[in-house]
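What follows is one structure encoded as structure tokens, with my remarks underneath.
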Amino acid sequence: MSYFSHLYCPKCSETYEKNQPVNLCKCGGPLLVSYDFKNGVGFNKEELKTRPENMWRYREMLPVEKSENIISLGEGFTPIFSWKRLGKHLGLDNLYCKDEGLNPTGSFKARGAAAGISKILELGITEIAMPTAGNAGGAWALFGAKAGIKTNIAMPEDAPEITKTECAVAGAAVYLVKGNIADAGKIIGEGAKKYGWFEVSTLKEPYRIEGKKTMGYEILEQMNWDPPDYILYPTGGGVGIIGIWKAIKEMKQLGWIDGEKNPKMVAVQARGCAPIVRAHERGENFASEWTEPKTIAAGIRVPKALGDFLVLEAIRESGGTAIAVSDEEIIKAIVKTAKLEGIFICPEGAANVVALEKLLEKGWIKPQEKVLILNTGSGMKYSTTLNFDFPVMGKNDRL
Ligand SMILES: *Cc1c(COP(=O)(O)O)cnc(C)c1O
Ligand SMILES: [Zn+2]
């Protein structure tokens with residue numbers, strides 16, 4: 001059922017056998033999953049039409065080998081909406097949004113957790129540990145609960161409240177850290193070593209990205225195999241953008257899409273934490289750590305990413321770019337998008353809206369081009385980001 005063949009390191013090209021628990025390569029690089037689909041008869045894009053509408057419809061290109069190990073809460077195959085009113089407002093003919101806020105646990109992190117937890121169950125691992133900005137913790141704790149896997153989670157003290165509750169209600173051990181996600185990562189790393197927990201930090205295991213790459217498969221399938229000119233992605237650890245680009249390369253190898261035309265990948269970050277943007281502008285292959293990361297968009301408050309070189313490569317190979325936006329602009333964009341499109345998007349998704357506006361102004365994106373934005377989560381998970389004043393009425397007051 002799966003074409004999973006082996007793991008490989010994109011940094012030094014070392015390969016590893018599948019079906020053994022591994023974290024990083026000997027060289028410290030992240031490991032990626034390789035598939036062998038030379039004998040892949042019976043799996044073509046027509047076949048997909050008969051399959052259930054969730055991310056497991058691409059199961060040949062996912063790492064889980066036995067279907068009984070799949071832990072699913074209904075993730076994936078989220079709708080792509082045409083944003084006509086916002087598009088018109090910005091002067092763009094073809095604007096689309098894939099709404100990942102409709103996933104279980106309210107963010108696209110459900111995809112990574114579904115793939116990761118399922119594979120971890122298959123490998124016989126029983127206890128895991130991770131740092132999180134919030135959404136990943138919520139997703140892994142809940143999927144972990146369904147799989148009967150114990151989770152240990154550390155997150156910044158100021159992570160969105162609801163994500164702390166998600167972890168706690170799922171029975172995870174939750175630790176709040178006076179620091180950022182990198183600080184939480186150091187604490188988890190040491191704890192994992194001490195207690196023998198399997199570390200599932202971003203890109204420290206090879207399977208989360210496989211779940212996230214299904215966004216790429218879906219975008220192409222749902223757009224009838226005609227890729228958008230641009231995909232805008234709010235970039236933190238970069239798993240989503242690396243995953244979507246991996247999916248596009250796989251679909252080319254599968255012969256599902258034309259080798260010539262591909263979407264340009266745009267990494268969007270917050271001005272208060274933009275290591276990828278800085279590195280891209282300097283033409284560097286790696287991104288140095290951002291000191292004192294600060295933004296309301298918690299999911300992209302990642303000062304240093306293990307996969308930085310892969311994000312920068314995806315931008316370069318696809319002909320894309322990287323751009324940073326401010327928190328004030330993000331807040332305005334949340335409200336504007338809700339008023340025009342009826343969707344309460346998350347701050348990370350709103351960063352894309354601002355980035356689009358800027359790239360149109362610069363003339364880098366043209367009015368007739370086709371743009372797809374990922375709204376990576378639901379605005380409802382960020383209950384304290386917006387503050388409205390309401391008139392308060394007594395029972396006997398009248399309008
Ligand atoms: C985690 C997260 C991101 C960043 O995703 P990466 O794949 O780590 O770059 C963006 N938006 C939301 C809502 C997130 O939770
Ligand atoms: Zn290596």
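Every chain in the structure tokens has a letter given in the order shown (A, B, ...), and although residue numbers restart at 1 in each chain, ligands are simply numbered from 1 in the order shown.
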Cut-off 9 Å, only C-alpha atoms and all ligand atoms, neighbours of ligand 2 as a PyMOL selection string: chain A and resi 8-15+24-31
Polymer residues at most 10 Å from A:Leu102, only C-alpha atoms, same-chain spacing of 3 or more positions, as a ChimeraX atom specification: /A:74-79,98-99,105-108,375-378
Shell around A:Ile125 at 10 Å using only C-alpha atoms, local window under 4 positions removed, as a PyMOL selection string: chain A and resi 21+117+119-121+149-150+197-198
Contacts between ligand 1 and chain A, please, where a residue of chain A counts if it comes within 8 Å (with only C-alpha atoms and all ligand atoms); show its shortest atom pair and distance in Å to one decimal, rows by chain and ascending number, as a Markdown table.
```
| residue | atom | partner | partner_atom_place_in_ligand_line | distance |
| --- | --- | --- | --- | --- |
| A:Ser107 | CA | ligand 1 | 13 (C) | 5.8 |
| A:Phe108 | CA | ligand 1 | 15 (O) | 7.0 |
| A:Lys109 | CA | ligand 1 | 15 (O) | 6.1 |
| A:Ala133 | CA | ligand 1 | 1 (C) | 7.0 |
| A:Gly134 | CA | ligand 1 | 15 (O) | 6.9 |
| A:Asn135 | CA | ligand 1 | 15 (O) | 4.7 |
| A:Ala136 | CA | ligand 1 | 15 (O) | 6.3 |
| A:Thr202 | CA | ligand 1 | 8 (O) | 7.1 |
| A:Lys212 | CA | ligand 1 | 7 (O) | 7.6 |
| A:Tyr233 | CA | ligand 1 | 10 (C) | 7.6 |
| A:Pro234 | CA | ligand 1 | 10 (C) | 5.1 |
| A:Thr235 | CA | ligand 1 | 9 (O) | 3.8 |
| A:Gly236 | CA | ligand 1 | 9 (O) | 3.5 |
| A:Gly237 | CA | ligand 1 | 8 (O) | 3.6 |
| A:Gly238 | CA | ligand 1 | 9 (O) | 3.2 |
| A:Val239 | CA | ligand 1 | 7 (O) | 3.7 |
| A:Gly240 | CA | ligand 1 | 7 (O) | 3.7 |
| A:Ile241 | CA | ligand 1 | 7 (O) | 6.3 |
| A:Ile242 | CA | ligand 1 | 7 (O) | 7.9 |
| A:Ala297 | CA | ligand 1 | 11 (N) | 7.6 |
| A:Ala298 | CA | ligand 1 | 15 (O) | 7.2 |
| A:Gly299 | CA | ligand 1 | 2 (C) | 3.8 |
| A:Ile300 | CA | ligand 1 | 4 (C) | 5.0 |
| A:Val302 | CA | ligand 1 | 8 (O) | 8.0 |
| A:Cys346 | CA | ligand 1 | 13 (C) | 6.3 |
| A:Pro347 | CA | ligand 1 | 13 (C) | 7.4 |
| A:Glu348 | CA | ligand 1 | 11 (N) | 4.8 |
| A:Gly349 | CA | ligand 1 | 11 (N) | 6.6 |
| A:Asn375 | CA | ligand 1 | 11 (N) | 7.5 |
| A:Thr376 | CA | ligand 1 | 13 (C) | 4.5 |
| A:Gly377 | CA | ligand 1 | 13 (C) | 4.4 |
| A:Ser378 | CA | ligand 1 | 13 (C) | 7.4 |
```
Export of the given selection (C-alpha atoms) as a PDB file, in the first residue's frame:
```
ATOM      1  CA  SER A 107      -4.937  23.896  12.092  1.00  0.00           C
ATOM      2  CA  PHE A 108      -2.949  22.116   9.381  1.00  0.00           C
ATOM      3  CA  LYS A 109      -0.770  20.692  12.171  1.00  0.00           C
ATOM      4  CA  ALA A 133       4.405  27.148  19.563  1.00  0.00           C
ATOM      5  CA  GLY A 134       0.951  25.767  20.402  1.00  0.00           C
ATOM      6  CA  ASN A 135      -0.894  24.205  17.472  1.00  0.00           C
ATOM      7  CA  ALA A 136       1.480  21.292  16.931  1.00  0.00           C
ATOM      8  CA  THR A 202       9.987  19.819  13.834  1.00  0.00           C
ATOM      9  CA  LYS A 212       2.055  18.241   5.592  1.00  0.00           C
ATOM     10  CA  TYR A 233       2.873  30.115   2.967  1.00  0.00           C
ATOM     11  CA  PRO A 234       3.398  31.510   6.497  1.00  0.00           C
ATOM     12  CA  THR A 235       6.781  30.042   7.346  1.00  0.00           C
ATOM     13  CA  GLY A 236       7.915  29.056  10.831  1.00  0.00           C
ATOM     14  CA  GLY A 237       9.823  25.769  11.006  1.00  0.00           C
ATOM     15  CA  GLY A 238       9.163  25.545   7.277  1.00  0.00           C
ATOM     16  CA  VAL A 239       7.737  22.023   7.231  1.00  0.00           C
ATOM     17  CA  GLY A 240       4.712  23.060   5.191  1.00  0.00           C
ATOM     18  CA  ILE A 241       6.618  24.894   2.486  1.00  0.00           C
ATOM     19  CA  ILE A 242       9.281  22.163   2.244  1.00  0.00           C
ATOM     20  CA  ALA A 297       1.505  35.018  14.885  1.00  0.00           C
ATOM     21  CA  ALA A 298       2.700  32.307  17.286  1.00  0.00           C
ATOM     22  CA  GLY A 299       3.035  29.600  14.629  1.00  0.00           C
ATOM     23  CA  ILE A 300       5.705  31.536  12.769  1.00  0.00           C
ATOM     24  CA  VAL A 302      10.518  30.319  15.104  1.00  0.00           C
ATOM     25  CA  CYS A 346      -5.483  32.994  11.923  1.00  0.00           C
ATOM     26  CA  PRO A 347      -2.729  35.642  12.216  1.00  0.00           C
ATOM     27  CA  GLU A 348      -0.343  33.424  10.231  1.00  0.00           C
ATOM     28  CA  GLY A 349      -2.851  33.151   7.372  1.00  0.00           C
ATOM     29  CA  ASN A 375      -4.891  29.848   5.819  1.00  0.00           C
ATOM     30  CA  THR A 376      -3.006  27.511   8.132  1.00  0.00           C
ATOM     31  CA  GLY A 377      -5.406  27.672  11.073  1.00  0.00           C
ATOM     32  CA  SER A 378      -8.654  28.951  12.514  1.00  0.00           C
TER      33      SER A 378
END
```
Spatial neighbours of A:Trp140, max dist 9 Å, only C-alpha atoms, sep filter under 3 positions, as an MDAnalysis selection string: chainID A and resid 109:110 112:114 116:117 130 135:137 143:145 151 167
All residues 7 Å or closer to stretch 85-90 of chain A, only C-alpha atoms, same chain fewer than 2 positions away omitted, as a count of residues only: 9
Residues of stretch 153-344 of chain A in strand (DSSP E or B), written as a PyMOL selection string: chain A and resi 153-156+173-177+198-199+230-234+264-270+273+321-325
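Going from atom CA of A:Met251 over to atom CA of A:Pro263, you cover 12.8 Å.
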Distance criterion (only C-alpha atoms): nearest to A:Val353 out of A:Val266, A:Thr385, A:Ser318, A:Leu176: A:Val266
Nearest residue to A:Ile80 from the set A:Met223, A:Leu360, A:Ala168, A:Ala267 (distances using only C-alpha atoms):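 Between A:Met223, A:Leu360, A:Ala168, A:Ala267, the residue approaching A:Ile80 most closely is A:Met223.
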Between atom CA of A:Lys146 and atom CA of A:Lys186 - distance in Å to one decimal: 27.1 Å
